[in-house]
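Novice: Dropping in input36.cif, with mmCIF, C-alpha atoms.
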```
data_input
loop_
_atom_site.group_PDB
_atom_site.id
_atom_site.type_symbol
_atom_site.label_atom_id
_atom_site.label_comp_id
_atom_site.auth_asym_id
_atom_site.auth_seq_id
_atom_site.Cartn_x
_atom_site.Cartn_y
_atom_site.Cartn_z
ATOM 1 C CA MET A 765 -2.535 34.531 188.594
ATOM 2 C CA MET A 766 -0.324 36.376 186.133
ATOM 3 C CA ASN A 767 1.774 34.279 183.791
ATOM 4 C CA ASP A 768 5.414 35.420 184.050
ATOM 5 C CA ASN A 769 6.266 33.858 180.687
ATOM 6 C CA LEU A 770 5.560 36.704 178.297
ATOM 7 C CA TYR A 771 5.470 34.526 175.199
ATOM 8 C CA ASP A 772 2.833 32.211 176.656
ATOM 9 C CA SER A 773 0.621 35.052 177.822
ATOM 10 C CA ARG A 774 -2.696 36.174 176.387
ATOM 11 C CA ALA A 775 -1.258 39.658 175.831
ATOM 12 C CA TRP A 776 1.465 38.239 173.570
ATOM 13 C CA ARG A 777 -0.999 36.119 171.608
ATOM 14 C CA MET A 778 -3.190 39.170 171.052
ATOM 15 C CA LEU A 779 -0.206 41.199 169.848
ATOM 16 C CA VAL A 780 0.836 38.520 167.366
ATOM 17 C CA ALA A 781 -2.726 38.090 166.101
ATOM 18 C CA ARG A 782 -3.037 41.807 165.405
ATOM 19 C CA TYR A 783 0.466 42.754 164.213
ATOM 20 C CA GLY A 784 2.347 39.576 163.352
ATOM 21 C CA GLU A 785 5.277 38.152 165.296
ATOM 22 C CA ARG A 786 7.970 40.486 163.971
ATOM 23 C CA GLU A 787 6.037 43.664 164.769
ATOM 24 C CA ALA A 788 4.931 42.227 168.110
ATOM 25 C CA HIS A 789 8.570 41.798 169.112
ATOM 26 C CA ALA A 790 9.292 45.400 168.082
ATOM 27 C CA ILE A 791 6.389 46.606 170.233
ATOM 28 C CA VAL A 792 7.695 44.683 173.250
ATOM 29 C CA TYR A 793 11.179 46.176 172.823
ATOM 30 C CA TYR A 794 9.689 49.672 172.521
ATOM 31 C CA VAL A 795 7.556 49.257 175.644
ATOM 32 C CA MET A 796 10.445 47.855 177.674
ATOM 33 C CA GLU A 797 12.698 50.769 176.771
ATOM 34 C CA VAL A 798 10.200 53.636 176.915
ATOM 35 C CA ALA A 799 8.087 52.530 179.869
ATOM 36 C CA PHE A 800 10.745 50.753 181.941
ATOM 37 C CA ASN A 801 14.099 52.066 180.653
ATOM 38 C CA ILE A 802 15.265 48.534 179.823
ATOM 39 C CA LYS A 803 17.280 48.245 176.625
ATOM 40 C CA LYS A 804 16.610 45.594 174.022
ATOM 41 C CA ALA A 805 19.949 43.869 174.699
ATOM 42 C CA ASP A 806 19.157 43.524 178.405
ATOM 43 C CA PHE A 807 15.686 42.212 177.669
ATOM 44 C CA LEU A 808 17.054 39.640 175.230
ATOM 45 C CA ILE A 809 19.390 38.367 177.959
ATOM 46 C CA ASP A 810 17.045 38.433 180.950
ATOM 47 C CA GLY A 811 13.584 38.358 179.398
ATOM 48 C CA ILE A 812 10.755 39.495 181.636
ATOM 49 C CA ASP A 813 12.992 38.965 184.654
ATOM 50 C CA ALA A 814 14.682 42.235 183.688
ATOM 51 C CA LEU A 815 11.625 43.833 185.327
ATOM 52 C CA LEU A 816 10.977 44.205 189.023
ATOM 53 C CA PRO A 817 8.119 41.967 190.197
ATOM 54 C CA GLU A 818 5.860 44.960 190.778
ATOM 55 C CA GLN A 819 6.470 46.177 187.187
ATOM 56 C CA LYS A 820 5.256 43.022 185.488
ATOM 57 C CA PRO A 821 1.515 43.717 185.843
ATOM 58 C CA LYS A 822 2.050 47.114 184.176
ATOM 59 C CA LEU A 823 3.849 45.479 181.255
ATOM 60 C CA PHE A 824 1.060 42.980 180.672
ATOM 61 C CA ALA A 825 -1.575 45.704 180.966
ATOM 62 C CA ILE A 826 0.204 47.828 178.346
ATOM 63 C CA LEU A 827 0.659 44.925 175.937
ATOM 64 C CA TYR A 828 -2.932 43.807 176.426
ATOM 65 C CA SER A 829 -4.130 47.313 175.601
ATOM 66 C CA VAL A 830 -1.974 47.415 172.455
ATOM 67 C CA GLY A 831 -3.224 43.961 171.508
ATOM 68 C CA GLU A 832 -6.755 45.320 171.679
ATOM 69 C CA GLY A 833 -5.791 48.045 169.205
ATOM 70 C CA THR A 834 -4.597 50.996 171.280
ATOM 71 C CA PRO A 835 -1.569 52.670 169.638
ATOM 72 C CA VAL A 836 1.512 51.754 171.638
ATOM 73 C CA GLN A 837 2.385 55.423 172.116
ATOM 74 C CA TYR A 838 -0.942 56.021 173.839
ATOM 75 C CA ALA A 839 -0.541 52.869 175.914
ATOM 76 C CA VAL A 840 2.795 54.031 177.335
ATOM 77 C CA GLY A 841 1.971 57.762 177.132
ATOM 78 C CA VAL A 842 5.135 58.598 175.213
ATOM 79 C CA ALA A 843 6.201 58.925 171.570
ATOM 80 C CA GLU A 844 9.763 59.098 170.287
ATOM 81 C CA PHE A 845 10.365 61.953 167.868
ATOM 82 C CA GLY A 846 13.413 63.141 165.984
ATOM 83 C CA GLY A 847 15.759 62.947 163.063
ATOM 84 C CA ARG A 848 19.179 64.153 161.977
ATOM 85 C CA HIS A 849 19.164 67.083 164.399
ATOM 86 C CA GLY A 850 18.250 65.221 167.566
ATOM 87 C CA TRP A 851 15.687 63.067 169.322
ATOM 88 C CA MET A 852 13.272 63.571 172.177
ATOM 89 C CA SER A 853 10.455 61.777 173.963
ATOM 90 C CA VAL A 854 7.153 63.654 174.015
ATOM 91 C CA GLU A 855 4.079 62.910 176.040
ATOM 92 C CA VAL A 856 0.996 61.929 174.055
ATOM 93 C CA ARG A 857 -2.479 60.807 175.001
ATOM 94 C CA PRO A 858 -5.816 60.258 173.265
ATOM 95 C CA GLY A 859 -7.018 63.494 171.728
ATOM 96 C CA VAL A 860 -3.522 64.478 170.570
ATOM 97 C CA LEU A 861 -1.946 63.302 167.317
ATOM 98 C CA ILE A 862 0.993 60.914 167.623
ATOM 99 C CA PRO A 863 4.111 62.456 165.968
ATOM 100 C CA ARG A 864 5.240 60.806 162.743
ATOM 101 C CA PRO A 865 8.725 60.342 161.231
ATOM 102 C CA GLU A 866 7.711 62.511 158.281
ATOM 103 C CA THR A 867 7.141 65.431 160.632
ATOM 104 C CA ALA A 868 10.653 64.993 162.006
ATOM 105 C CA GLU A 869 11.910 65.228 158.404
ATOM 106 C CA LEU A 870 10.090 68.543 158.089
ATOM 107 C CA CYS A 871 11.909 69.799 161.183
ATOM 108 C CA ASP A 872 15.227 68.704 159.670
ATOM 109 C CA ILE A 873 14.508 70.712 156.514
ATOM 110 C CA ILE A 874 13.751 73.851 158.525
ATOM 111 C CA ILE A 875 16.829 73.442 160.725
ATOM 112 C CA ASP A 876 19.015 72.875 157.656
ATOM 113 C CA ASP A 877 17.663 76.113 156.155
ATOM 114 C CA CYS A 878 17.523 78.294 159.250
ATOM 115 C CA GLY A 879 19.626 76.752 161.994
ATOM 116 C CA GLN A 880 22.546 79.133 161.522
ATOM 117 C CA THR A 881 20.413 82.270 161.697
ATOM 118 C CA PRO A 882 19.928 83.509 165.273
ATOM 119 C CA GLY A 883 16.932 85.295 166.719
ATOM 120 C CA LEU A 884 14.197 84.134 164.348
ATOM 121 C CA ASP A 885 10.477 84.482 165.077
ATOM 122 C CA ILE A 886 8.873 81.098 164.395
ATOM 123 C CA VAL A 887 5.287 79.906 164.754
ATOM 124 C CA ASP A 888 4.031 76.308 164.597
ATOM 125 C CA ILE A 889 0.342 76.382 163.639
ATOM 126 C CA GLY A 890 -1.613 73.363 164.873
ATOM 127 C CA THR A 891 1.092 72.250 167.283
ATOM 128 C CA GLY A 892 -0.585 69.106 168.682
ATOM 129 C CA SER A 893 1.878 67.587 171.139
ATOM 130 C CA GLY A 894 4.263 70.491 170.530
ATOM 131 C CA CYS A 895 6.842 68.247 168.861
ATOM 132 C CA ILE A 896 7.697 70.640 165.999
ATOM 133 C CA ALA A 897 7.950 73.715 168.215
ATOM 134 C CA LEU A 898 10.042 71.859 170.797
ATOM 135 C CA MET A 899 12.408 70.409 168.206
ATOM 136 C CA LEU A 900 12.940 73.768 166.517
ATOM 137 C CA LYS A 901 13.506 75.555 169.824
ATOM 138 C CA SER A 902 15.983 72.871 170.925
ATOM 139 C CA ALA A 903 17.946 73.244 167.689
ATOM 140 C CA MET A 904 17.647 77.046 167.528
ATOM 141 C CA PRO A 905 17.588 78.198 171.172
ATOM 142 C CA GLU A 906 18.070 81.890 170.317
ATOM 143 C CA SER A 907 14.855 81.957 168.298
ATOM 144 C CA ARG A 908 11.431 82.823 169.678
ATOM 145 C CA VAL A 909 9.140 79.870 168.982
ATOM 146 C CA PHE A 910 5.364 80.059 169.295
ATOM 147 C CA ALA A 911 3.100 76.994 169.459
ATOM 148 C CA TRP A 912 -0.528 77.528 168.405
ATOM 149 C CA ASP A 913 -3.488 75.185 168.614
ATOM 150 C CA ASN A 914 -7.239 75.456 169.159
ATOM 151 C CA SER A 915 -7.501 72.244 171.183
ATOM 152 C CA PRO A 916 -7.309 72.642 174.979
ATOM 153 C CA GLU A 917 -6.116 69.048 175.222
ATOM 154 C CA ALA A 918 -3.300 69.655 172.748
ATOM 155 C CA LEU A 919 -2.244 72.856 174.485
ATOM 156 C CA ALA A 920 -2.180 71.096 177.860
ATOM 157 C CA VAL A 921 0.067 68.349 176.461
ATOM 158 C CA THR A 922 2.315 70.940 174.794
ATOM 159 C CA ARG A 923 2.711 72.764 178.120
ATOM 160 C CA GLU A 924 3.585 69.536 179.905
ATOM 161 C CA ASN A 925 6.154 68.654 177.253
ATOM 162 C CA ALA A 926 7.662 72.135 177.307
ATOM 163 C CA THR A 927 7.937 72.014 181.090
ATOM 164 C CA ALA A 928 9.485 68.543 181.044
ATOM 165 C CA LYS A 929 12.042 69.636 178.437
ATOM 166 C CA ARG A 930 12.631 73.015 180.138
ATOM 167 C CA CYS A 931 11.982 74.427 176.704
ATOM 168 C CA ASP A 932 10.891 78.062 176.627
ATOM 169 C CA ILE A 933 8.282 78.153 173.884
ATOM 170 C CA ILE A 934 5.299 80.524 173.832
ATOM 171 C CA ILE A 935 2.029 78.579 173.843
ATOM 172 C CA GLU A 936 -1.166 80.277 172.672
ATOM 173 C CA ARG A 937 -4.665 79.264 171.680
ATOM 174 C CA GLN A 938 -5.302 80.060 168.022
ATOM 175 C CA ASP A 939 -7.716 78.569 165.508
ATOM 176 C CA MET A 940 -5.955 77.818 162.225
ATOM 177 C CA LEU A 941 -9.230 78.541 160.414
ATOM 178 C CA ASP A 942 -9.344 82.029 161.946
ATOM 179 C CA LEU A 943 -5.830 83.437 162.133
ATOM 180 C CA TRP A 944 -6.357 87.012 163.253
ATOM 181 C CA CYS A 945 -2.892 87.975 164.601
ATOM 182 C CA THR A 946 -1.936 89.877 161.452
ATOM 183 C CA ASP A 947 0.056 92.522 163.347
ATOM 184 C CA ARG A 948 2.830 90.016 164.018
ATOM 185 C CA ARG A 949 5.722 89.285 161.660
ATOM 186 C CA TRP A 950 7.367 85.909 161.218
ATOM 187 C CA ASP A 951 10.587 84.543 159.789
ATOM 188 C CA VAL A 952 9.249 80.982 159.726
ATOM 189 C CA ILE A 953 5.695 79.669 159.711
ATOM 190 C CA VAL A 954 5.334 75.895 159.855
ATOM 191 C CA SER A 955 2.284 73.667 159.931
ATOM 192 C CA ASN A 956 1.353 70.018 159.720
ATOM 193 C CA PRO A 957 -2.395 70.497 159.298
ATOM 194 C CA PRO A 958 -5.033 67.785 158.841
ATOM 195 C CA TYR A 959 -4.680 66.556 155.261
ATOM 196 C CA ILE A 960 -5.905 62.962 154.878
ATOM 197 C CA LEU A 961 -8.957 62.807 152.628
ATOM 198 C CA ASN A 962 -12.013 61.128 154.107
ATOM 199 C CA LYS A 963 -11.990 58.654 151.214
ATOM 200 C CA GLU A 964 -8.543 57.435 152.317
ATOM 201 C CA LYS A 965 -9.846 56.410 155.745
ATOM 202 C CA LYS A 966 -10.974 52.982 154.551
ATOM 203 C CA ASP A 967 -7.379 52.026 153.682
ATOM 204 C CA MET A 968 -5.868 53.116 156.991
ATOM 205 C CA GLU A 969 -4.898 50.874 159.879
ATOM 206 C CA GLU A 970 -7.593 50.462 162.507
ATOM 207 C CA HIS A 971 -5.358 51.511 165.400
ATOM 208 C CA VAL A 972 -4.906 54.899 163.697
ATOM 209 C CA LYS A 973 -8.420 55.748 162.541
ATOM 210 C CA GLY A 974 -10.000 54.140 165.591
ATOM 211 C CA HIS A 975 -7.978 56.000 168.219
ATOM 212 C CA GLU A 976 -6.291 59.162 166.983
ATOM 213 C CA PRO A 977 -8.426 62.317 166.741
ATOM 214 C CA ASP A 978 -10.297 62.678 163.454
ATOM 215 C CA CYS A 979 -10.030 66.458 163.679
ATOM 216 C CA ALA A 980 -6.224 66.210 163.497
ATOM 217 C CA LEU A 981 -6.201 63.804 160.570
ATOM 218 C CA PHE A 982 -9.042 64.167 158.083
ATOM 219 C CA VAL A 983 -10.464 66.728 155.672
ATOM 220 C CA PRO A 984 -13.490 66.527 153.358
ATOM 221 C CA ASN A 985 -12.883 65.044 149.925
ATOM 222 C CA ASP A 986 -14.270 68.198 148.295
ATOM 223 C CA ASP A 987 -12.240 70.594 150.483
ATOM 224 C CA PRO A 988 -8.697 69.185 150.678
ATOM 225 C CA LEU A 989 -7.125 72.610 151.308
ATOM 226 C CA ARG A 990 -9.478 73.461 154.160
ATOM 227 C CA PHE A 991 -6.589 74.274 156.482
ATOM 228 C CA TYR A 992 -3.873 75.101 153.970
ATOM 229 C CA THR A 993 -5.755 78.004 152.415
ATOM 230 C CA PRO A 994 -6.162 80.174 155.548
ATOM 231 C CA ILE A 995 -2.569 79.484 156.600
ATOM 232 C CA ILE A 996 -1.252 80.444 153.159
ATOM 233 C CA GLN A 997 -3.320 83.624 153.243
ATOM 234 C CA TYR A 998 -2.122 84.428 156.758
ATOM 235 C CA ALA A 999 1.505 83.787 155.809
ATOM 236 C CA ALA A 1000 1.224 86.073 152.777
ATOM 237 C CA LYS A 1001 0.313 88.932 155.151
ATOM 238 C CA THR A 1002 2.736 88.222 157.988
ATOM 239 C CA LEU A 1003 5.972 86.707 156.654
ATOM 240 C CA ARG A 1004 8.997 88.980 156.627
ATOM 241 C CA PRO A 1005 10.589 89.558 153.193
ATOM 242 C CA ASP A 1006 13.069 86.693 153.602
ATOM 243 C CA GLY A 1007 10.662 84.486 155.552
ATOM 244 C CA ALA A 1008 9.349 81.063 154.556
ATOM 245 C CA LEU A 1009 6.248 78.946 155.048
ATOM 246 C CA TYR A 1010 6.773 75.200 155.508
ATOM 247 C CA PHE A 1011 4.065 72.538 155.252
ATOM 248 C CA GLU A 1012 3.724 68.817 155.583
ATOM 249 C CA LEU A 1013 1.582 67.606 152.672
ATOM 250 C CA ASN A 1014 -0.639 64.854 151.419
ATOM 251 C CA PRO A 1015 1.068 63.672 148.207
ATOM 252 C CA LEU A 1016 -2.374 63.405 146.578
ATOM 253 C CA THR A 1017 -2.964 67.144 146.974
ATOM 254 C CA ALA A 1018 0.579 68.559 146.931
ATOM 255 C CA ASP A 1019 0.033 70.183 143.517
ATOM 256 C CA LYS A 1020 -3.135 71.892 144.754
ATOM 257 C CA VAL A 1021 -1.214 73.418 147.682
ATOM 258 C CA ALA A 1022 1.476 74.675 145.281
ATOM 259 C CA ASP A 1023 -1.154 76.192 142.977
ATOM 260 C CA LYS A 1024 -2.903 77.914 145.886
ATOM 261 C CA ALA A 1025 0.408 79.368 147.086
ATOM 262 C CA ARG A 1026 1.193 80.774 143.633
ATOM 263 C CA GLN A 1027 -2.315 82.240 143.325
ATOM 264 C CA THR A 1028 -1.810 83.945 146.699
ATOM 265 C CA GLY A 1029 1.420 85.621 145.624
ATOM 266 C CA PHE A 1030 4.188 83.220 146.587
ATOM 267 C CA LYS A 1031 6.960 83.486 144.000
ATOM 268 C CA ASP A 1032 9.234 80.668 145.187
ATOM 269 C CA VAL A 1033 7.326 77.386 145.562
ATOM 270 C CA SER A 1034 9.234 74.170 146.238
ATOM 271 C CA ILE A 1035 7.632 70.752 146.740
ATOM 272 C CA ILE A 1036 10.060 68.356 148.425
ATOM 273 C CA GLU A 1037 10.052 64.567 148.558
ATOM 274 C CA ASP A 1038 10.308 62.644 151.805
ATOM 275 C CA SER A 1039 12.711 59.761 152.399
ATOM 276 C CA TYR A 1040 10.281 57.428 150.591
ATOM 277 C CA GLY A 1041 10.123 59.566 147.457
ATOM 278 C CA LYS A 1042 6.635 60.961 148.157
ATOM 279 C CA LEU A 1043 5.741 64.622 147.668
ATOM 280 C CA ARG A 1044 5.513 65.384 151.369
ATOM 281 C CA PHE A 1045 6.724 68.922 152.111
ATOM 282 C CA ALA A 1046 6.326 72.460 150.808
ATOM 283 C CA LYS A 1047 8.706 75.382 151.193
ATOM 284 C CA LEU A 1048 7.121 78.662 150.133
ATOM 285 C CA ARG A 1049 8.554 82.173 149.904
ATOM 286 C CA ILE A 1050 6.786 85.376 148.897
ATOM 287 C CA ASN A 1051 9.956 86.926 147.468
ATOM 288 C CA LYS A 1052 12.244 85.144 145.028
#
```
Can you present the structure in this file as structure tokens?

Specialist:
Amino acid sequence: MMNDNLYDSRAWRMLVARYGEREAHAIVYYVMEVAFNIKKADFLIDGIDALLPEQKPKLFAILYSVGEGTPVQYAVGVAEFGGRHGWMSVEVRPGVLIPRPETAELCDIIIDDCGQTPGLDIVDIGTGSGCIALMLKSAMPESRVFAWDNSPEALAVTRENATAKRCDIIIERQDMLDLWCTDRRWDVIVSNPPYILNKEKKDMEEHVKGHEPDCALFVPNDDPLRFYTPIIQYAAKTLRPDGALYFELNPLTADKVADKARQTGFKDVSIIEDSYGKLRFAKLRINK
């Protein structure tokens, strides 16, 4: 028989053992709001009785799964994504990278730079859940936004998110290691490619490296620019004169990305810190 007292349940004990009490509370509040549309204030007043009786087994199943190590976003099927220019919920599931706050910062930078210019042609290379493409299209509705990925799973999730948001983005299968559409011209190219070095894996949290797709996270130690190089080369051929290439970066290899861009002909190379002071973003222009 299910125990209706959340804080005496096995699921709660597992959460606390894995994440500590403070983080466990934050997970419960997130699940209540995202999965059941119950705000933190209402939960603090009513506790688990804020749920309908038939919803309680689902709550315990989600928390049990998270206690076992499943990322909470996968457990509820939704991730919250956004920054200064808006927020949205996007569907995620195993096989698709969970959006990060840093990626929302990248969107903010692009919108700050380009949000007042109508009718841009924008492509998000390696779109994953589609969060970047959807955020940019929402903020710049007059622009044409393309979302590219080589993963059928990622493209399926992007389509579902675009449909749910009624967001008219153009979704296409493209391999970022083989970017052949050189007849197109872009005002903005953006990418958050895999950039974590394999040697960094040992220091990462288990619920990340044990559940999220390796192919969306990691690169070989001896080839840190595996994905940056072909995108830089593609951008050099296809950006319009006033266009820009934006990247999310690994701070450990940010200088290498800047050097590669300069070697490829980019004249205006800016490396930008994130909100934690880490070298996290690149803004690259061919013409200065």

Novice: Just say which residues the PyMOL selection byres ((chain A and resi 982-994) around 8) picks in this file, as a ChimeraX atom specification.

Specialist: /A:940-943,957-963,978-981,995-998,1017,1020-1021,1024

Novice: Using only C-alpha atoms, which protein or nucleic acid residues come within 10 Å of A:Ser1039? Drop anything in the same chain fewer than 4 positions from it, and give the result as a list in words.

Specialist: Pro865, Glu866, Glu869, Leu1043 and Arg1044 of chain A

Novice: Give me, as JSON lines, the closest atom pair and its distance (Å, one decimal) for every residue of stretch 931-1037 of chain A within a cut-off of 7 Å of stretch 907-922 of chain A, counting only C-alpha atoms, rows sorted by chain and rising number.

Specialist:
```
{"residue": "A:Ile933", "atom": "CA", "partner": "A:Val909", "partner_atom": "CA", "distance": 5.3}
{"residue": "A:Ile934", "atom": "CA", "partner": "A:Phe910", "partner_atom": "CA", "distance": 4.6}
{"residue": "A:Ile935", "atom": "CA", "partner": "A:Ala911", "partner_atom": "CA", "distance": 4.8}
{"residue": "A:Glu936", "atom": "CA", "partner": "A:Trp912", "partner_atom": "CA", "distance": 5.1}
{"residue": "A:Arg937", "atom": "CA", "partner": "A:Asp913", "partner_atom": "CA", "distance": 5.2}
{"residue": "A:Gln938", "atom": "CA", "partner": "A:Asn914", "partner_atom": "CA", "distance": 5.1}
{"residue": "A:Asp939", "atom": "CA", "partner": "A:Asn914", "partner_atom": "CA", "distance": 4.8}
```

Novice: Please, what is the axis-aligned box for every listed atom of stretch 937-952 of chain A with 4 Å on each side, as centre and edge lengths in Å to one decimal, as JSON?

Specialist:
```
{"center_x": 0.6, "center_y": 85.2, "center_z": 165.7, "size_x": 27.9, "size_y": 22.7, "size_z": 20.0}
```

Novice: Which residues of stretch 957-1013 of chain A come within 12 Å of stretch 834-846 of chain A, and what is each one's closest atom pair and distance in Å (one decimal), counting only C-alpha atoms, sorted by chain and residue number, as a Markdown table?

Specialist:
```
| residue | atom | partner | partner_atom | distance |
| --- | --- | --- | --- | --- |
| A:Glu969 | CA | A:Pro835 | CA | 10.5 |
| A:Glu970 | CA | A:Thr834 | CA | 9.3 |
| A:His971 | CA | A:Pro835 | CA | 5.8 |
| A:Val972 | CA | A:Pro835 | CA | 7.2 |
| A:Lys973 | CA | A:Pro835 | CA | 10.3 |
| A:Gly974 | CA | A:Thr834 | CA | 8.5 |
| A:His975 | CA | A:Thr834 | CA | 6.8 |
| A:Glu976 | CA | A:Pro835 | CA | 8.5 |
```
